[in-house]
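Participant: Quick one: structure below, then a few questions.
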Amino acid sequence: MKATQRLIDSVWTVEYEKVSNGKVKILNYSRNDPEGYEREKELPQCKLVEAEERIVTHLWLKPYNAFDGWVNEKNAMETYEVVNPKFIFSYEQSKENKI
């Protein structure tokens with residue numbers, strides 16, 4: 001599953017897998033995923049919630065809204081705990097490593 005977050009002229013795409021009720025595993029997080037740009041309006045909007053040292057702990061999701069691109073605690077429709085927490089920019093996979 002995928003969701004996006006637009007930051008200025010970049011679309012950051014998070015690819016994740018639901019592993020249990022309320023928990024997800026992040027598979028990839030990148031601004032180089034063409035699907036995020038092509039399907040931005042179809043995919044949910046997201047926010048990766050970070051703790052100390054930019055370690056991702058939660059994923060918040062809401063339906064796409066062109067006029068409200070920010071996901072926060074009040075408007076998130078789905079909230080998930082991340083089962084593989086790590087530094088936010090260490091989730092990106094090279095094309096060779098993607099299955």
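Letters A, B, ... go to the chains of the structure tokens in the order shown; residues in each chain start at 1; ligands are counted from 1 in the same order.
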Which residues in chain A does DSSP call alpha helix (DSSP H)? List them as a list in words.
Facilitator: Pro34, Glu35, Gly36, Tyr37 and Glu38 of chain A
Participant: What lies within 6 Å of Val11 of chain A using only C-alpha atoms, ignoring chain neighbours under 2 positions off, as a ChimeraX atom specification?
Facilitator: /A:5-6,31
Participant: Which value, in Å to one decimal, gives the distance between atom CA of Tyr91 of chain A and atom CA of Asn75 of chain A?
Facilitator: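 Straight-line distance from atom CA of Tyr91 of chain A to atom CA of Asn75 of chain A works out to 25.1 Å.
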Participant: Can you list, as a list in words, every protein, DNA or RNA residue that comes within 10 Å of Tyr64 of chain A when you count only C-alpha atoms, leaving out same-chain residues fewer than 2 positions away?
Facilitator: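 In the requested form, the answer reads Ala3, Thr4, Gln5, Glu40, Lys41, Glu42, Leu43, Pro44, Gln45, Cys46, Leu61, Lys62, Ala66, Phe67, Asp68, Gly69, Trp70 and Val71 of chain A.
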Participant: May I ask which of the residues A:Val14, A:Val19, A:Leu27, A:Leu7 is the closest one to Leu59 of chain A, counting only C-alpha atoms?
Facilitator: A:Val14
